[in-house]
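Q: Quick one, coords32.cif (mmCIF, C-alpha atoms and all ligand atoms):
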```cif
data_target
#
loop_
_atom_site.label_atom_id
_atom_site.label_comp_id
_atom_site.auth_asym_id
_atom_site.auth_seq_id
_atom_site.Cartn_x
_atom_site.Cartn_y
_atom_site.Cartn_z
CA MET A 1 7.32 73.89 -45.83
CA PHE A 2 8.13 71.40 -43.06
CA ILE A 3 8.58 67.84 -44.29
CA SER A 4 8.37 65.32 -41.49
CA TYR A 5 9.91 61.85 -41.42
CA SER A 6 6.43 60.25 -41.50
CA ASN A 7 5.55 62.36 -44.60
CA ILE A 8 8.58 60.92 -46.41
CA ILE A 9 7.67 57.39 -45.33
CA THR A 10 4.06 57.85 -46.53
CA TRP A 11 5.34 59.38 -49.80
CA LEU A 12 7.58 56.36 -50.38
CA GLN A 13 4.95 53.82 -49.24
CA LEU A 14 2.37 55.24 -51.65
CA ARG A 15 4.74 55.01 -54.63
CA ALA A 16 6.28 51.68 -53.63
CA MET A 17 2.87 50.04 -53.19
CA ALA A 18 1.72 51.38 -56.56
CA THR A 19 4.98 50.16 -58.16
CA PHE A 20 5.31 46.68 -56.68
CA THR A 21 1.92 45.26 -57.67
CA LEU A 22 1.54 41.49 -57.94
CA LYS A 23 1.13 41.76 -61.73
CA THR A 24 4.34 43.78 -62.09
CA ILE A 25 6.29 41.35 -59.91
CA ILE A 26 5.01 38.36 -61.96
CA LEU A 27 5.82 40.11 -65.27
CA ASP A 28 9.26 41.07 -63.94
CA PHE A 29 9.92 37.47 -62.89
CA ILE A 30 8.88 36.26 -66.39
CA LEU A 31 11.28 38.86 -67.82
CA GLY A 32 14.23 37.42 -65.88
CA THR A 33 13.20 33.86 -66.84
CA VAL A 34 12.98 34.81 -70.56
CA CYS A 35 16.53 36.25 -70.39
CA PHE A 36 17.88 33.15 -68.72
CA PHE A 37 16.23 30.58 -71.02
CA GLY A 38 16.91 32.69 -74.16
CA ASP A 39 20.61 32.72 -73.26
CA GLN A 40 20.61 28.98 -72.47
CA LEU A 41 19.00 28.28 -75.85
CA LEU A 42 21.68 30.37 -77.60
CA MET A 43 24.39 28.21 -76.07
CA MET A 44 22.92 24.98 -77.45
CA PRO A 45 25.25 23.65 -80.19
CA THR A 46 22.42 23.34 -82.78
CA VAL A 47 21.50 27.00 -82.30
CA HIS A 48 25.04 28.32 -81.82
CA GLU A 49 26.36 26.75 -85.01
CA SER A 50 23.64 28.10 -87.29
CA ASP A 51 23.68 31.85 -88.05
CA TRP A 52 19.98 31.89 -88.92
CA LEU A 53 18.91 30.01 -85.78
CA ARG A 54 21.17 32.19 -83.61
CA VAL A 55 19.64 35.39 -85.01
CA LEU A 56 16.11 34.00 -84.71
CA VAL A 57 16.56 32.97 -81.05
CA ASP A 58 18.47 36.16 -80.15
CA GLU A 59 15.93 38.51 -81.76
CA THR A 60 12.97 36.60 -80.28
CA THR A 61 14.57 36.90 -76.84
CA HIS A 62 15.31 40.63 -77.38
CA GLY A 63 11.68 41.14 -78.48
CA LEU A 64 10.22 39.24 -75.51
CA VAL A 65 12.54 41.07 -73.09
CA GLY A 66 11.31 44.44 -74.42
CA VAL A 67 7.66 43.30 -74.29
CA PHE A 68 7.78 41.95 -70.72
CA ALA A 69 9.87 44.89 -69.47
CA TRP A 70 7.32 47.41 -70.79
CA ALA A 71 4.32 45.25 -69.77
CA ALA A 72 5.70 45.36 -66.19
CA VAL A 73 5.97 49.16 -66.33
CA ILE A 74 2.37 49.72 -67.50
CA ASP A 75 0.80 46.88 -65.46
CA PHE A 76 -0.42 45.40 -68.73
CA GLU A 77 -4.16 45.05 -69.24
CA ILE A 78 -5.96 43.82 -72.36
CA CYS A 79 -6.99 47.11 -74.00
CA TRP A 80 -6.13 48.80 -77.31
CA SER A 81 -3.74 51.41 -75.86
CA HIS A 82 -1.70 48.79 -73.96
CA LEU A 83 -1.64 46.44 -76.97
CA PHE A 84 -0.38 49.31 -79.13
CA GLU A 85 2.36 50.09 -76.59
CA ILE A 86 3.37 46.42 -76.46
CA ILE A 87 3.68 46.26 -80.27
CA LEU A 88 5.76 49.45 -80.20
CA SER A 89 8.02 48.07 -77.44
CA LEU A 90 8.52 44.89 -79.51
CA PHE A 91 9.51 47.08 -82.46
CA PHE A 92 11.98 49.23 -80.46
CA SER A 93 13.67 46.26 -78.80
CA CYS A 94 14.28 44.44 -82.11
CA ALA A 95 14.68 47.32 -84.60
CA ILE A 96 17.88 48.45 -82.91
CA ASP A 97 19.74 45.53 -84.54
CA VAL A 98 19.01 46.92 -88.01
CA ASP A 99 22.26 48.88 -87.62
CA HIS A 100 24.17 45.60 -88.14
CA VAL A 101 22.74 45.43 -91.66
CA LEU A 102 23.30 49.17 -92.27
CA ALA A 103 26.92 48.98 -91.10
CA ALA A 104 27.59 45.86 -93.20
CA GLY A 105 25.91 47.48 -96.23
CA THR A 106 24.45 44.11 -97.20
CA PHE A 107 21.72 41.68 -96.16
CA ASN A 108 24.33 38.94 -95.98
CA LEU A 109 23.93 37.50 -92.48
CA LYS A 110 27.56 36.45 -92.09
CA ALA A 111 28.77 39.98 -92.93
CA ALA A 112 26.22 41.59 -90.58
CA LEU A 113 27.28 39.29 -87.73
CA SER A 114 31.01 39.72 -88.14
CA LEU A 115 31.43 43.49 -88.15
CA PRO A 116 34.91 44.75 -87.15
CA HIS A 117 33.28 47.28 -84.75
CA ARG A 118 29.98 47.69 -82.93
CA PRO A 119 27.31 49.49 -84.98
CA ILE A 120 26.12 52.97 -83.96
CA LEU A 121 22.73 52.13 -82.40
CA HIS A 122 24.60 49.93 -79.92
CA CYS A 123 26.23 53.01 -78.41
CA THR A 124 24.50 53.40 -75.01
CA THR A 125 25.45 57.09 -74.76
CA LEU A 126 23.53 57.74 -78.01
CA ILE A 127 20.46 55.89 -76.69
CA LEU A 128 20.52 58.00 -73.51
CA LEU A 129 20.87 61.16 -75.63
CA ILE A 130 17.96 60.20 -77.92
CA SER A 131 15.84 59.49 -74.82
CA VAL A 132 16.60 62.96 -73.39
CA VAL A 133 15.59 64.56 -76.72
CA LEU A 134 12.38 62.49 -76.80
CA PHE A 135 11.60 63.57 -73.20
CA ALA A 136 12.08 67.22 -74.18
CA VAL A 137 9.91 66.87 -77.34
CA SER A 138 7.17 65.01 -75.49
CA ARG A 139 7.15 67.63 -72.72
CA ALA A 140 7.03 70.49 -75.23
CA SER A 141 4.24 68.90 -77.29
CA ASN A 142 2.25 67.99 -74.16
CA SER A 143 0.68 65.18 -76.18
CA LYS A 144 -1.22 62.62 -74.11
CA HIS A 145 -0.43 59.90 -76.68
CA ALA A 146 3.34 60.54 -76.64
CA LYS A 147 3.45 60.57 -72.81
CA HIS A 148 5.02 57.11 -72.45
CA LEU A 149 7.09 57.13 -75.63
CA PRO A 150 10.44 58.44 -74.26
CA LEU A 151 10.43 56.06 -71.28
CA MET A 152 9.30 53.15 -73.46
CA PHE A 153 12.18 53.87 -75.86
CA LEU A 154 14.64 54.06 -72.96
CA VAL A 155 13.45 50.87 -71.20
CA THR A 156 13.28 48.71 -74.35
CA THR A 157 16.54 49.86 -75.94
CA LEU A 158 18.45 49.85 -72.66
CA SER A 159 17.22 46.29 -71.97
CA HIS A 160 18.57 45.34 -75.41
CA HIS A 161 21.93 46.99 -74.60
CA LEU A 162 22.12 45.29 -71.19
CA ARG A 163 21.48 41.91 -72.84
CA ASP A 164 24.12 42.50 -75.51
CA GLY A 165 26.35 44.00 -72.80
CA SER A 166 26.37 40.74 -70.85
CA ARG A 167 28.65 39.45 -73.61
CA ARG A 168 30.58 42.56 -74.65
CA GLY A 169 29.98 45.24 -71.97
CA LEU A 170 28.11 48.51 -72.43
CA TRP A 171 29.61 50.68 -75.15
CA MET A 172 29.60 54.24 -73.75
CA CYS A 173 31.12 55.93 -76.80
CA PRO A 174 33.23 58.09 -76.86
CA PHE A 175 34.09 57.34 -73.23
CA GLY A 176 34.93 53.65 -73.57
CA SER A 177 33.07 50.59 -72.29
CA LEU A 178 31.56 49.40 -69.04
CA SER A 179 32.12 45.72 -68.50
CA MET A 180 29.49 43.51 -66.88
CA GLN A 181 31.51 40.61 -65.63
CA GLN A 182 28.85 38.76 -63.70
CA TYR A 183 25.91 37.10 -65.43
CA SER A 184 23.70 37.62 -62.36
CA MET A 185 24.43 41.36 -62.48
CA TYR A 186 23.00 41.62 -66.00
CA ILE A 187 19.86 39.68 -65.07
CA ALA A 188 19.43 41.85 -61.95
CA LEU A 189 19.87 45.10 -63.91
CA ILE A 190 17.36 44.01 -66.58
CA MET A 191 14.83 43.17 -63.84
CA ILE A 192 15.43 46.39 -61.86
CA LEU A 193 15.07 48.66 -64.93
CA PRO A 194 11.24 48.30 -65.38
CA LEU A 195 10.69 48.69 -61.63
CA VAL A 196 12.61 51.98 -61.60
CA ALA A 197 10.70 53.09 -64.72
CA LYS A 198 7.36 52.20 -63.13
CA PHE A 199 8.30 54.09 -59.96
CA VAL A 200 8.95 57.15 -62.17
CA VAL A 201 5.63 56.72 -64.06
CA VAL A 202 3.67 56.38 -60.80
CA SER A 203 5.43 59.40 -59.25
CA VAL A 204 4.83 61.58 -62.34
CA ASP A 205 1.17 60.50 -62.53
CA LEU A 206 0.65 61.35 -58.87
CA ALA A 207 2.45 64.68 -59.20
CA ASN A 208 0.34 65.61 -62.25
CA GLY A 209 -2.91 64.68 -60.58
CA PHE A 210 -3.47 61.67 -62.92
CA GLY A 211 -3.09 59.31 -60.02
CA GLY A 212 -6.49 59.78 -58.39
CA THR A 213 -7.29 56.09 -58.58
CA ILE A 214 -3.81 55.07 -57.45
CA ARG A 215 -3.97 57.51 -54.54
CA GLU A 216 -7.44 56.35 -53.43
CA LYS A 217 -6.50 52.67 -53.64
CA MET A 218 -3.18 53.10 -51.87
CA GLU A 219 -4.42 55.42 -49.15
CA LYS A 220 -7.06 52.83 -48.30
CA ARG A 221 -4.29 50.25 -47.99
CA LEU A 222 -2.14 52.63 -45.95
CA ASP A 223 -4.85 53.44 -43.40
CA PRO A 224 -4.49 50.21 -41.41
CA LEU A 225 -0.71 50.77 -41.25
CA GLU A 226 -1.14 54.27 -39.91
CA SER A 227 -3.59 53.19 -37.21
CA VAL A 228 -1.11 50.61 -35.82
ZN ZN B 1 21.99 44.12 -80.48
#
```
Can you present the structure in this file as structure tokens?
A:
Amino acid sequence: MFISYSNIITWLQLRAMATFTLKTIILDFILGTVCFFGDQLLMMPTVHESDWLRVLVDETTHGLVGVFAWAAVIDFEICWSHLFEIILSLFFSCAIDVDHVLAAGTFNLKAALSLPHRPILHCTTLILLISVVLFAVSRASNSKHAKHLPLMFLVTTLSHHLRDGSRRGLWMCPFGSLSMQQYSMYIALIMILPLVAKFVVVSVDLANGFGGTIREKMEKRLDPLESV
């Protein structure tokens, strides 16, 4: 089959226009702002010197980062299915820190915060592996309800790892660590992640024929461009 240059451009335009909606851009901007102000709050002496306050601010920021990242992917609307996905993304982005308590073997906050090594759920290689397994299971089950689950898990947990990684680098066990030396790089990566995920969702929906509405809307918007 012959694929022309204009076909590729139209293919990209269709997906890019469906990805970069105003709502997604606003949610993505809020995501970056939440990261920045959450980190600023953590550096305040009152917060920094209290273990409880530090955990509260850090977990709230992790939770909000997961929520806004996933809300940007699904173009959040007020409906039951989106609300359910938002609650689940909040759970994934915070629950990952439970490994601190498991590794410490106690609910003592000081012990959980001063582990000699990073706990297992903070291994980015493991998160990627779990996501691949979830993708395979979701594909095999063909369940409509589990359609977004693997990507939601990947986006929310990877956002958590990127945020933690801004301080300690990404732990790619057993291959070592990837350092993120620049603060702006971490903010940029966290903001790019949901956009890439949304591009994937839009592309899969279009390929599977679920994107009828997207296609109609976008082709209408593309028409004037093509007639120029
Ligand atoms: Zn963490």
Q: Throw together the list of residues within 7 Å of ligand ZN 1 (chain B), counting only C-alpha atoms and all ligand atoms, and drop it here as a list of chain:residue names.
A: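 Sorted by chain and then by number, the residues are A:Ile96, A:Asp97, A:His122, A:His160, A:His161, A:Asp164.
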Q: I'd like the contact shell of Leu12 in chain A - 12 Å cut-off, all atoms listed in the file, skipping same-chain residues fewer than 4 positions apart - returned as a PyMOL selection string.
A: chain A and resi 5-8+16-20+199-200+202-203+218+222
Q: One decimal, Å: what's the distance from CA of Ala112 in chain A over to CA of His100 in chain A, could you say?
A: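 Separation of CA of Ala112 in chain A and CA of His100 in chain A: 5.1 Å.
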Q: Kindly extract all protein, DNA and RNA residues lying within 12 Å of the coordinates (30.9, 38.1, -87.2) given in the file, considering all atoms listed in the file, and supply them as a list in words.
A: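 Residues close enough to count: Asp51, Arg54, Val55, His100, Val101, Ala104, Asn108, Leu109, Lys110, Ala111, Ala112, Leu113, Ser114, Leu115, Pro116, His117 and Arg118 of chain A.
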Q: Between A:Gln40, A:Ser141, A:Ser93, A:Thr61, which is the closest to Ser159 in chain A once you count all atoms listed in the file?
A: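 For Ser159 in chain A, the nearest of the candidates is A:Ser93.
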Q: Please provide the set of residues having any atom within 10 Å of Pro194 in chain A, restricted to all atoms listed in the file, with same-chain residues fewer than 5 positions apart removed, written as an MDAnalysis selection string.
A: chainID A and resid 19 24 27:28 31 66 68:74 151:152 155:156 159 189 199:200
Q: From the list A:Ala103, A:Leu129, A:Ile190, A:Leu206, which residue is nearest Thr33 in chain A when using only C-alpha atoms?
A: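 Nearest candidate to Thr33 in chain A out of A:Ala103, A:Leu129, A:Ile190, A:Leu206: A:Ile190.
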Q: Identify which of the residues A:Cys123, A:Leu14, A:Val196, A:Ala95 lies closest to Gly165 in chain A, counting all atoms listed in the file when measuring atom-to-atom distances.
A: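 Looking only at the distances to Gly165 in chain A, the closest residue turns out to be A:Cys123.
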Q: Just how far from CA of Thr125 in chain A is CA of Asp75 in chain A, in Å to one decimal?
A: 28.3 Å
Q: Here is a test: counting all atoms listed in the file, which residue of A:Leu53, A:Cys79, A:Leu158, A:Asp39 is nearest to Phe92 in chain A?
A: A:Leu158
Q: May I ask for the distance between CA of Leu42 in chain A and CA of Ile25 in chain A, given in Å to one decimal place?
A: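 Separation of CA of Leu42 in chain A and CA of Ile25 in chain A: 25.9 Å.
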Q: May I ask you to restore N, CA and C atoms in range 186-205 of chain A and write the result as an mmCIF file, in the coordinates of the input?
A:
```cif
data_model
loop_
_atom_site.group_PDB
_atom_site.id
_atom_site.type_symbol
_atom_site.label_atom_id
_atom_site.label_comp_id
_atom_site.auth_asym_id
_atom_site.auth_seq_id
_atom_site.Cartn_x
_atom_site.Cartn_y
_atom_site.Cartn_z
ATOM 1 N N TYR A 186 23.785 41.233 -64.824
ATOM 2 C CA TYR A 186 23.000 41.620 -66.000
ATOM 3 C C TYR A 186 21.536 41.260 -65.823
ATOM 4 N N ILE A 187 21.255 40.080 -65.299
ATOM 5 C CA ILE A 187 19.860 39.680 -65.070
ATOM 6 C C ILE A 187 19.213 40.637 -64.049
ATOM 7 N N ALA A 188 19.965 40.954 -62.981
ATOM 8 C CA ALA A 188 19.430 41.850 -61.950
ATOM 9 C C ALA A 188 19.142 43.232 -62.530
ATOM 10 N N LEU A 189 20.068 43.765 -63.328
ATOM 11 C CA LEU A 189 19.870 45.100 -63.910
ATOM 12 C C LEU A 189 18.662 45.125 -64.840
ATOM 13 N N ILE A 190 18.501 44.069 -65.647
ATOM 14 C CA ILE A 190 17.360 44.010 -66.580
ATOM 15 C C ILE A 190 16.045 43.958 -65.795
ATOM 16 N N MET A 191 16.062 43.279 -64.630
ATOM 17 C CA MET A 191 14.830 43.170 -63.840
ATOM 18 C C MET A 191 14.557 44.434 -63.027
ATOM 19 N N ILE A 192 15.612 45.154 -62.658
ATOM 20 C CA ILE A 192 15.430 46.390 -61.860
ATOM 21 C C ILE A 192 14.928 47.534 -62.750
ATOM 22 N N LEU A 193 15.394 47.547 -64.019
ATOM 23 C CA LEU A 193 15.070 48.660 -64.930
ATOM 24 C C LEU A 193 13.555 48.968 -65.025
ATOM 25 N N PRO A 194 12.676 47.974 -65.305
ATOM 26 C CA PRO A 194 11.240 48.300 -65.380
ATOM 27 C C PRO A 194 10.650 48.761 -64.061
ATOM 28 N N LEU A 195 11.204 48.276 -62.948
ATOM 29 C CA LEU A 195 10.690 48.690 -61.630
ATOM 30 C C LEU A 195 11.005 50.159 -61.378
ATOM 31 N N VAL A 196 12.232 50.568 -61.744
ATOM 32 C CA VAL A 196 12.610 51.980 -61.600
ATOM 33 C C VAL A 196 11.721 52.836 -62.513
ATOM 34 N N ALA A 197 11.530 52.345 -63.755
ATOM 35 C CA ALA A 197 10.700 53.090 -64.720
ATOM 36 C C ALA A 197 9.266 53.216 -64.212
ATOM 37 N N LYS A 198 8.738 52.141 -63.635
ATOM 38 C CA LYS A 198 7.360 52.200 -63.130
ATOM 39 C C LYS A 198 7.252 53.166 -61.947
ATOM 40 N N PHE A 199 8.276 53.166 -61.095
ATOM 41 C CA PHE A 199 8.300 54.090 -59.960
ATOM 42 C C PHE A 199 8.227 55.538 -60.485
ATOM 43 N N VAL A 200 8.953 55.809 -61.568
ATOM 44 C CA VAL A 200 8.950 57.150 -62.170
ATOM 45 C C VAL A 200 7.566 57.469 -62.735
ATOM 46 N N VAL A 201 6.962 56.509 -63.465
ATOM 47 C CA VAL A 201 5.630 56.720 -64.060
ATOM 48 C C VAL A 201 4.606 57.020 -62.961
ATOM 49 N N VAL A 202 4.622 56.212 -61.908
ATOM 50 C CA VAL A 202 3.670 56.380 -60.800
ATOM 51 C C VAL A 202 3.868 57.751 -60.147
ATOM 52 N N SER A 203 5.133 58.121 -59.908
ATOM 53 C CA SER A 203 5.430 59.400 -59.250
ATOM 54 C C SER A 203 4.968 60.575 -60.113
ATOM 55 N N VAL A 204 5.233 60.490 -61.433
ATOM 56 C CA VAL A 204 4.830 61.580 -62.340
ATOM 57 C C VAL A 204 3.305 61.672 -62.403
ATOM 58 N N ASP A 205 2.632 60.515 -62.489
ATOM 59 C CA ASP A 205 1.170 60.500 -62.530
ATOM 60 C C ASP A 205 0.580 61.129 -61.270
#
```
